[in-house]
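Novice: Please read through the structure below; I'll follow up with questions.
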Amino acid sequence: QAQLIESGGGSVQAGGSLRLSCGVSEYLNKRYCMGWFRQAPGKEREGVAVVDNAGTPGYADSVKGRFTISQDKAEGTLYLQMNSLKSEDTATYYCAAQPYYSGSCSLSRPEMYNFWGQGTQVTVSS
């Protein structure tokens with residue numbers, strides 16, 4: 001059951017930009033991990049970017065230098081700014097949160113995140 005709500009997906013040409021947003025206010029506490037994952041048809045869900053309560057980000061190699069994860073704690077919103085989009089970025093993007101977590105935020109273990117959004121589609125045409 002989706003507990004987070006994403007927005008900002010859509011269709012864009014290669015080289016374009018999109019910004020995804022996710023409402024996370026109820027998950028902001030002293031220690032947490034939040035992130036963006038994506039899943040393309042026929043592929044497994046993969047980590048795109050994560051951030052912890054200190055603002056420390058982590059990125060998949062495939063998006064480094066193009067995507068930026070950020071959080072606005074006052075607004076209770078998690079963002080993913082996606083620039084220089086490629087056709088291989090086409091996927092459904094999911095916001096994820098794990099409050100009260102004291103370890104490292106993982107890109108490779110989506111199972112550590114207990115709260116997920118319903119997903120938003122990003123389509124990049126070449």
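Labeling convention for the structure tokens: chains A, B, ... as they appear, residues from 1 per chain, ligands from 1 in order of appearance.
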For A:Thr120, work out the shell of residues within 10 Å, counting only C-alpha atoms and skipping chain neighbours fewer than 2 positions away, then give it as a list in words.

Specialist: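 Counting only the stated atoms, we get Ile5, Glu6, Ser7, Gly8, Gly9, Gly10, Leu20, Ser21, Arg38, Ala91, Thr92, Tyr93, Tyr94, Cys95, Gly117, Gln118, Val122 and Thr123 of chain A.
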
Novice: Write down as a ChimeraX atom specification the residues belonging to chain A that are assigned strand (DSSP E or B) by DSSP computed on the backbone.

Specialist: /A:4,6-7,10-13,18-23,32-39,46-52,57-59,67-72,77-82,91-99,115-117,120-125

Novice: Step one, run DSSP on the backbone; step two, keep only residues of chain A assigned to helix (DSSP H, G or I); then write them as a ChimeraX atom specification.

Specialist: /A:25-27,87-89,110-112

Novice: Write a file of the selected residues as a compact mmCIF listing (two decimals), in the first residue's frame, keeping all heavy atoms.

Specialist:
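part-v5.txt was written with the following content:
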# COMPACT_ATOMS: atom_id res chain seq x y z
N SER A 25 6.93 14.44 4.99
CA SER A 25 7.01 15.14 6.28
C SER A 25 6.84 14.23 7.48
O SER A 25 7.52 14.38 8.50
CB SER A 25 5.96 16.25 6.33
OG SER A 25 4.67 15.72 6.15
N GLU A 26 5.97 13.22 7.39
CA GLU A 26 5.73 12.38 8.56
C GLU A 26 6.87 11.40 8.82
O GLU A 26 6.87 10.72 9.85
CB GLU A 26 4.42 11.63 8.41
CG GLU A 26 4.37 10.65 7.25
CD GLU A 26 2.99 10.03 7.11
OE1 GLU A 26 2.65 9.17 7.94
OE2 GLU A 26 2.27 10.41 6.19
N TYR A 27 7.84 11.33 7.91
CA TYR A 27 8.96 10.40 8.09
C TYR A 27 10.24 11.11 8.50
O TYR A 27 11.27 10.47 8.69
CB TYR A 27 9.19 9.63 6.80
CG TYR A 27 7.95 8.90 6.35
CD1 TYR A 27 7.15 9.42 5.36
CD2 TYR A 27 7.56 7.71 6.96
CE1 TYR A 27 5.99 8.78 4.98
CE2 TYR A 27 6.41 7.06 6.57
CZ TYR A 27 5.63 7.60 5.58
OH TYR A 27 4.49 6.97 5.21
N SER A 87 17.27 8.01 -22.90
CA SER A 87 16.17 7.05 -23.10
C SER A 87 16.23 5.93 -22.07
O SER A 87 15.19 5.41 -21.65
CB SER A 87 16.21 6.50 -24.52
OG SER A 87 17.46 5.89 -24.79
N GLU A 88 17.43 5.56 -21.64
CA GLU A 88 17.56 4.48 -20.66
C GLU A 88 17.11 4.89 -19.26
O GLU A 88 17.07 4.07 -18.35
CB GLU A 88 18.99 3.95 -20.61
CG GLU A 88 20.06 5.01 -20.45
CD GLU A 88 20.69 5.39 -21.78
OE1 GLU A 88 19.94 5.57 -22.77
OE2 GLU A 88 21.94 5.52 -21.83
N ASP A 89 16.78 6.16 -19.07
CA ASP A 89 16.21 6.59 -17.80
C ASP A 89 14.70 6.35 -17.73
O ASP A 89 14.08 6.56 -16.68
CB ASP A 89 16.48 8.09 -17.58
CG ASP A 89 17.95 8.41 -17.42
OD1 ASP A 89 18.66 7.66 -16.74
OD2 ASP A 89 18.39 9.43 -18.01
N PRO A 110 16.54 -2.31 -1.72
CA PRO A 110 15.23 -1.64 -1.58
C PRO A 110 14.41 -2.22 -0.44
O PRO A 110 13.54 -1.52 0.09
CB PRO A 110 14.56 -1.85 -2.93
CG PRO A 110 15.28 -2.98 -3.56
CD PRO A 110 16.69 -2.91 -3.04
N GLU A 111 14.69 -3.45 -0.02
CA GLU A 111 13.90 -4.08 1.05
C GLU A 111 14.11 -3.40 2.40
O GLU A 111 13.32 -3.63 3.32
CB GLU A 111 14.25 -5.58 1.16
CG GLU A 111 15.68 -5.88 1.56
CD GLU A 111 16.62 -5.98 0.39
OE1 GLU A 111 16.25 -5.53 -0.72
OE2 GLU A 111 17.75 -6.49 0.59
N MET A 112 15.13 -2.56 2.53
CA MET A 112 15.32 -1.87 3.82
C MET A 112 14.36 -0.70 4.00
O MET A 112 14.23 -0.16 5.09
CB MET A 112 16.76 -1.38 3.97
CG MET A 112 17.13 -0.22 3.07
SD MET A 112 18.67 0.61 3.59
CE MET A 112 18.01 1.82 4.73

Novice: For A:Asn83, list every protein, DNA or RNA residue within 12 Å, evaluated using only C-alpha atoms, and leave out those in the same chain fewer than 5 positions away; present the list as a list in words.

Specialist: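 Once the nearby chain positions are removed, what remains is Val12, Gln13, Ala14, Gly15, Gly16, Ser17, Leu18, Arg19, Leu20, Val63, Lys64, Gly65, Arg66, Phe67, Thr68, Ile69, Asp89 and Val124 of chain A.
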
Novice: Would you pick out the contacts of stretch 45-59 of chain A at 9 Å or less, using only C-alpha atoms, so that residues sharing its chain but fewer than 4 positions from it are not included, and give the list as a ChimeraX atom specification?

Specialist: /A:28-40,63-64,67-71,80,93,96,104-110

Novice: Suppose you want the space between atom CA of A:Gln3 and atom CA of A:Ser102; what is it in Å?

Specialist: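 Computing the Euclidean distance for atom CA of A:Gln3 and atom CA of A:Ser102 yields 21.4 Å.
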